[in-house]
>>> print(open('data-v2.txt').read())   # compact mmCIF, C-alpha atoms
# COMPACT_ATOMS: atom_id res chain seq x y z
CA MET A 5 45.78 108.03 -22.24
CA GLU A 6 43.21 105.26 -22.19
CA ALA A 7 44.10 102.36 -19.91
CA GLY A 8 44.90 99.04 -21.53
CA THR A 9 45.46 100.56 -24.97
CA LEU A 10 48.16 99.96 -27.58
CA TYR A 11 48.82 103.17 -29.54
CA ILE A 12 50.43 102.77 -32.97
CA VAL A 13 52.40 106.01 -33.23
CA ALA A 14 53.90 107.21 -36.50
CA THR A 15 57.19 109.09 -36.12
CA PRO A 16 59.19 111.24 -38.57
CA ILE A 17 60.90 109.55 -41.51
CA GLY A 18 63.47 112.35 -41.62
CA ASN A 19 62.65 115.88 -40.56
CA LEU A 20 61.79 115.88 -36.85
CA GLY A 21 59.28 118.64 -37.51
CA ASP A 22 57.05 116.11 -39.28
CA ILE A 23 55.87 114.64 -35.98
CA THR A 24 52.26 115.43 -35.11
CA LEU A 25 51.09 117.18 -31.94
CA ARG A 26 48.99 114.13 -31.13
CA ALA A 27 52.01 111.85 -31.44
CA VAL A 28 54.00 113.99 -28.99
CA GLU A 29 51.06 114.06 -26.58
CA THR A 30 50.66 110.29 -26.80
CA LEU A 31 54.35 109.55 -26.27
CA ARG A 32 54.36 111.81 -23.22
CA GLY A 33 51.29 110.22 -21.74
CA VAL A 34 51.74 106.46 -22.07
CA ASP A 35 53.14 104.16 -19.40
CA LEU A 36 55.68 102.56 -21.75
CA ILE A 37 57.07 103.19 -25.23
CA VAL A 38 57.83 100.06 -27.26
CA ALA A 39 60.53 100.89 -29.82
CA GLU A 40 62.21 99.01 -32.67
CA ASP A 41 65.57 100.47 -31.59
CA THR A 42 65.60 102.29 -28.26
CA ARG A 43 68.74 104.23 -29.23
CA VAL A 44 67.03 105.74 -32.26
CA THR A 45 63.81 106.50 -30.40
CA ARG A 46 65.66 108.01 -27.46
CA LYS A 47 67.03 110.71 -29.78
CA LEU A 48 63.50 111.60 -30.88
CA LEU A 49 62.21 111.66 -27.32
CA SER A 50 65.11 113.84 -26.21
CA ALA A 51 64.30 116.37 -28.95
CA TYR A 52 60.82 116.79 -27.49
CA GLY A 53 61.66 116.49 -23.81
CA ILE A 54 59.82 113.18 -23.41
CA SER A 55 60.97 110.96 -20.57
CA ALA A 56 58.60 107.97 -20.74
CA PRO A 57 60.26 104.57 -20.13
CA LEU A 58 61.43 102.60 -23.17
CA THR A 59 61.65 98.94 -24.09
CA SER A 60 62.60 97.27 -27.37
CA TYR A 61 60.52 95.23 -29.82
CA HIS A 62 62.02 94.11 -33.12
CA ALA A 63 62.25 91.20 -35.54
CA HIS A 64 64.20 89.05 -33.07
CA THR A 65 62.15 89.79 -29.96
CA PRO A 66 61.28 86.44 -28.29
CA ALA A 67 57.68 85.34 -27.88
CA LYS A 68 58.14 85.53 -24.10
CA LYS A 69 58.69 89.28 -24.19
CA GLN A 70 55.75 89.81 -26.53
CA ALA A 71 53.57 87.92 -24.07
CA GLU A 72 54.83 90.16 -21.24
CA LEU A 73 53.82 93.27 -23.21
CA ILE A 74 50.35 91.84 -23.80
CA ARG A 75 50.01 91.09 -20.08
CA LYS A 76 50.87 94.73 -19.31
CA LEU A 77 48.13 95.87 -21.65
CA GLU A 78 45.63 93.43 -20.15
CA ALA A 79 46.54 94.75 -16.71
CA GLY A 80 45.62 98.29 -17.79
CA ALA A 81 48.90 99.81 -18.95
CA SER A 82 48.96 102.11 -21.97
CA LEU A 83 51.72 101.41 -24.50
CA ALA A 84 52.95 103.34 -27.54
CA LEU A 85 54.46 101.27 -30.34
CA VAL A 86 56.97 103.06 -32.58
CA THR A 87 59.34 102.03 -35.34
CA ASP A 88 62.66 103.69 -36.15
CA ALA A 89 60.95 105.94 -38.68
CA GLY A 90 57.48 106.17 -40.16
CA THR A 91 54.38 104.13 -39.39
CA PRO A 92 54.74 100.91 -37.36
CA GLY A 93 53.65 97.75 -39.13
CA ILE A 94 54.50 98.96 -42.64
CA SER A 95 57.25 96.57 -43.76
CA ASP A 96 58.45 96.02 -40.19
CA PRO A 97 57.78 93.45 -37.44
CA ALA A 98 55.45 95.67 -35.40
CA VAL A 99 52.52 93.94 -37.07
CA ARG A 100 53.14 90.86 -34.88
CA LEU A 101 52.52 92.79 -31.67
CA VAL A 102 49.48 94.51 -33.16
CA ARG A 103 48.00 91.14 -34.14
CA ALA A 104 48.69 89.70 -30.68
CA ALA A 105 47.00 92.68 -29.02
CA ILE A 106 43.92 92.31 -31.22
CA GLU A 107 43.73 88.59 -30.49
CA ALA A 108 43.91 89.38 -26.77
CA GLY A 109 40.99 91.80 -27.05
CA VAL A 110 43.17 94.84 -26.34
CA ALA A 111 42.21 98.21 -27.83
CA VAL A 112 44.53 99.24 -30.67
CA VAL A 113 44.49 102.93 -31.63
CA PRO A 114 46.43 104.40 -34.58
CA VAL A 115 48.09 107.79 -34.24
CA PRO A 116 48.62 108.57 -37.95
CA GLY A 117 51.62 110.34 -39.40
CA PRO A 118 54.50 109.97 -41.86
CA THR A 119 55.12 106.96 -44.04
CA ALA A 120 57.70 106.84 -46.82
CA LEU A 121 55.51 105.14 -49.40
CA VAL A 122 52.75 107.78 -49.27
CA ALA A 123 55.20 110.68 -49.18
CA ALA A 124 57.08 109.32 -52.20
CA LEU A 125 53.88 108.50 -54.08
CA SER A 126 52.42 111.96 -53.49
CA ALA A 127 55.41 113.68 -55.13
CA SER A 128 56.15 111.10 -57.82
CA GLY A 129 53.85 112.43 -60.50
CA LEU A 130 52.73 108.87 -61.27
CA PRO A 131 49.06 107.79 -61.22
CA THR A 132 47.82 107.41 -57.63
CA ASP A 133 44.19 106.40 -58.07
CA THR A 134 45.23 102.74 -57.84
CA PHE A 135 48.60 101.37 -56.77
CA THR A 136 50.21 98.25 -55.34
CA PHE A 137 52.60 98.54 -52.43
CA GLU A 138 54.96 95.58 -52.48
CA GLY A 139 57.43 96.62 -49.78
CA PHE A 140 60.71 94.68 -49.89
CA LEU A 141 61.01 91.94 -52.49
CA SER A 142 62.38 88.52 -51.62
CA THR A 143 66.16 88.28 -51.91
CA LYS A 144 65.83 84.78 -53.42
CA ALA A 145 66.42 85.11 -57.16
CA GLY A 146 63.68 82.81 -58.45
CA ARG A 147 60.97 84.10 -56.17
CA ARG A 148 62.05 87.67 -56.78
CA THR A 149 61.91 87.34 -60.58
CA ARG A 150 58.49 85.68 -60.51
CA ARG A 151 57.06 88.43 -58.33
CA LEU A 152 58.52 91.18 -60.51
CA GLU A 153 56.92 89.56 -63.56
CA GLU A 154 53.56 89.51 -61.76
CA LEU A 155 53.91 93.16 -60.78
CA ALA A 156 54.91 94.13 -64.32
CA ALA A 157 51.62 92.72 -65.60
CA LEU A 158 49.59 95.08 -63.42
CA GLY A 159 48.07 98.12 -65.04
CA HIS A 160 48.80 100.59 -62.28
CA THR A 161 51.63 102.12 -60.23
CA VAL A 162 53.84 99.78 -58.19
CA VAL A 163 55.70 100.95 -55.07
CA LEU A 164 58.73 99.08 -53.73
CA TYR A 165 61.15 99.52 -50.87
CA GLU A 166 64.78 98.62 -51.45
CA SER A 167 68.06 98.86 -49.60
CA PRO A 168 70.58 101.29 -51.14
CA ARG A 169 73.10 98.51 -51.73
CA ARG A 170 70.58 96.55 -53.85
CA LEU A 171 69.08 99.49 -55.75
CA LYS A 172 71.20 99.07 -58.88
CA ARG A 173 70.34 95.38 -59.01
CA LEU A 174 66.63 96.18 -58.70
CA LEU A 175 66.74 98.80 -61.45
CA ALA A 176 68.46 96.32 -63.77
CA GLU A 177 65.75 93.78 -62.97
CA LEU A 178 63.05 96.36 -63.68
CA VAL A 179 64.55 97.05 -67.11
CA GLU A 180 64.27 93.32 -67.85
CA THR A 181 60.80 92.67 -66.42
CA PHE A 182 58.92 95.98 -66.73
CA GLY A 183 60.76 97.09 -69.86
CA PRO A 184 63.09 100.06 -70.32
CA THR A 185 60.41 102.62 -71.23
CA ARG A 186 58.05 102.36 -68.25
CA PRO A 187 57.94 105.58 -66.18
CA CYS A 188 59.96 105.27 -62.99
CA VAL A 189 60.79 107.36 -59.93
CA VAL A 190 63.36 106.72 -57.23
CA ALA A 191 62.69 108.72 -54.08
CA ARG A 192 65.74 108.80 -51.82
CA GLU A 193 66.04 110.18 -48.29
CA VAL A 194 62.46 111.53 -48.31
CA SER A 195 61.99 114.31 -45.73
CA LYS A 196 65.72 114.33 -44.95
CA ARG A 197 68.37 116.93 -45.75
CA TYR A 198 69.52 115.28 -48.98
CA GLU A 199 66.09 114.32 -50.30
CA GLU A 200 65.98 113.71 -54.03
CA PHE A 201 63.59 112.40 -56.66
CA ILE A 202 65.07 110.88 -59.82
CA ARG A 203 62.42 110.64 -62.54
CA GLY A 204 62.45 109.21 -66.06
CA SER A 205 62.03 105.89 -67.82
CA VAL A 206 63.23 102.77 -66.03
CA ALA A 207 66.31 102.74 -68.27
CA GLU A 208 67.03 106.44 -67.66
CA VAL A 209 66.75 106.08 -63.90
CA ALA A 210 68.97 102.99 -63.97
CA GLU A 211 71.56 104.97 -65.93
CA ALA A 212 71.34 107.88 -63.46
CA PHE A 213 72.44 105.58 -60.63
CA SER A 214 74.96 103.50 -62.59
CA GLY A 215 78.02 105.55 -61.71
CA ARG A 216 77.26 106.67 -58.17
CA GLU A 217 77.24 105.33 -54.66
CA VAL A 218 73.74 105.04 -53.25
CA LYS A 219 73.04 105.92 -49.63
CA GLY A 220 69.96 106.36 -47.46
CA GLU A 221 66.38 105.13 -47.52
CA VAL A 222 65.05 104.31 -50.99
CA THR A 223 61.52 104.03 -52.41
CA VAL A 224 61.11 102.91 -56.02
CA LEU A 225 57.95 103.61 -58.00
CA VAL A 226 57.08 102.29 -61.45
CA GLY A 227 54.12 103.67 -63.37
CA PRO A 228 51.70 101.76 -65.60
CA PRO A 229 52.46 101.09 -69.24
CA PRO A 230 51.18 103.64 -71.78
CA LYS A 231 47.59 103.12 -72.86
CA ARG A 232 47.15 101.60 -76.29
CA GLY A 233 47.16 104.22 -78.98
CA THR A 234 49.19 106.71 -76.94
CA GLY A 235 52.62 105.46 -78.04
>>> encode(input="data-v2.txt", output="structure tokens")
Amino acid sequence: MEAGTLYIVATPIGNLGDITLRAVETLRGVDLIVAEDTRVTRKLLSAYGISAPLTSYHAHTPAKKQAELIRKLEAGASLALVTDAGTPGISDPAVRLVRAAIEAGVAVVPVPGPTALVAALSASGLPTDTFTFEGFLSTKAGRRTRRLEELAALGHTVVLYESPRRLKRLLAELVETFGPTRPCVVAREVSKRYEEFIRGSVAEVAEAFSGREVKGEVTVLVGPPPKRGTG
């Protein structure tokens, strides 16, 4: 590994076989792995016989610890940044450490791999030439409604992350703001054992989840409205 480098390493979002050879090589070779949850990452490392030291970095990590990590990089250490699943910095706090490293003049190198939004989009059947990734919406009602109305006005596919306990609420909101007939896909547990894609109109997808308990990671995709003259 290159000295004084922060590697942004994507890890599996479900199936451990989705990890890349380069990611395994990088995790084996760095001086320190910086993980969102060391317990989760330790399971991944154990599966591949990787014994590099671990430290945590998450939404509540104090500025003092972030500064310590930057000092390690400036002193020549190589660090691998990982999230619990997927690509660091996509809807998680890893972006703060990446920004700090860039501001310190440290080399930042991506090690590409899985990310839920691209996996879900690729299998959704919705238009992919242009799309907006929103991530998680605000939980504040007013702000949330305003943003959904803005997204509904767009003429292309919209991708959202949502927690399973709020999925039914989101689908009801989509019926109100996007309209019941817009094409919609909910991708649940992508790359995991119980992966499923529920496709239909927004109203149909909302109905499909109305009488069931929702578990696991959820990605919601809403397609553009039909072109004029196509019904």
>>> closest_atom_pairs(input="data-v2.txt", of="region 97-188 of chain A", to="region 61-84 of chain A", cutoff="8 Å", atoms="only C-alpha atoms", output="JSON lines")
{"residue": "A:Pro97", "atom": "CA", "partner": "A:Ala63", "partner_atom": "CA", "distance": 5.4}
{"residue": "A:Ala98", "atom": "CA", "partner": "A:His62", "partner_atom": "CA", "distance": 7.1}
{"residue": "A:Leu101", "atom": "CA", "partner": "A:Gln70", "partner_atom": "CA", "distance": 6.8}
{"residue": "A:Ala104", "atom": "CA", "partner": "A:Ile74", "partner_atom": "CA", "distance": 7.4}
{"residue": "A:Ala105", "atom": "CA", "partner": "A:Ile74", "partner_atom": "CA", "distance": 6.3}
{"residue": "A:Ala108", "atom": "CA", "partner": "A:Ile74", "partner_atom": "CA", "distance": 7.5}
{"residue": "A:Val110", "atom": "CA", "partner": "A:Glu78", "partner_atom": "CA", "distance": 6.8}
>>> atom_distance(input="data-v2.txt", atom1="CA of Ala210 (chain A)", atom2="CA of Leu178 (chain A)")
8.9 Å
>>> residues_around(input="data-v2.txt", residues="region 20-36 of chain A", least_positions_apart="2", cutoff="9 Å", atoms="all atoms listed in the file", output="ChimeraX atom specification")
/A:5-7,11,13-18,38,48-49,51-59,81-85,115-118,195
>>> closest_residue(input="data-v2.txt", among="A:Arg216, A:Leu10, A:Leu152, A:Val206", to="Val102 (chain A)", atoms="all atoms listed in the file")
A:Leu10
>>> atom_distance(input="data-v2.txt", atom1="CA of Glu107 (chain A)", atom2="CA of Ser60 (chain A)")
21.0 Å
>>> closest_residue(input="data-v2.txt", among="A:Thr45, A:Ser50, A:Thr143, A:Ser128", to="Thr87 (chain A)", atoms="only C-alpha atoms")
A:Thr45
>>> atom_distance(input="data-v2.txt", atom1="CA of Ala127 (chain A)", atom2="CA of Glu166 (chain A)")
18.1 Å
>>> closest_residue(input="data-v2.txt", among="A:Arg151, A:Lys219, A:Arg103, A:Arg43", to="Glu193 (chain A)", atoms="all atoms listed in the file")
A:Lys219
>>> residues_around(input="data-v2.txt", residues="Leu121 (chain A)", least_positions_apart="6", cutoff="9 Å", atoms="all atoms listed in the file", output="list of chain:residue names")
A:Phe137, A:Gly139, A:Val163, A:Leu164, A:Tyr165, A:Thr223, A:Val224
>>> closest_residue(input="data-v2.txt", among="A:Thr119, A:Thr181, A:Thr9, A:Thr42", to="Arg150 (chain A)", atoms="all atoms listed in the file")
A:Thr181
>>> closest_residue(input="data-v2.txt", among="A:Arg169, A:Gly8, A:Ser142, A:Ala191", to="Gly129 (chain A)", atoms="all atoms listed in the file")
A:Ala191
>>> closest_residue(input="data-v2.txt", among="A:Glu40, A:Glu217, A:Glu177, A:Glu211", to="Asp88 (chain A)", atoms="all atoms listed in the file")
A:Glu40
>>> residues_near_point(input="data-v2.txt", point="(52.0, 101.6, -58.1)", cutoff="7 Å", atoms="all atoms listed in the file", output="ChimeraX atom specification")
/A:134-137,160-163,225-227
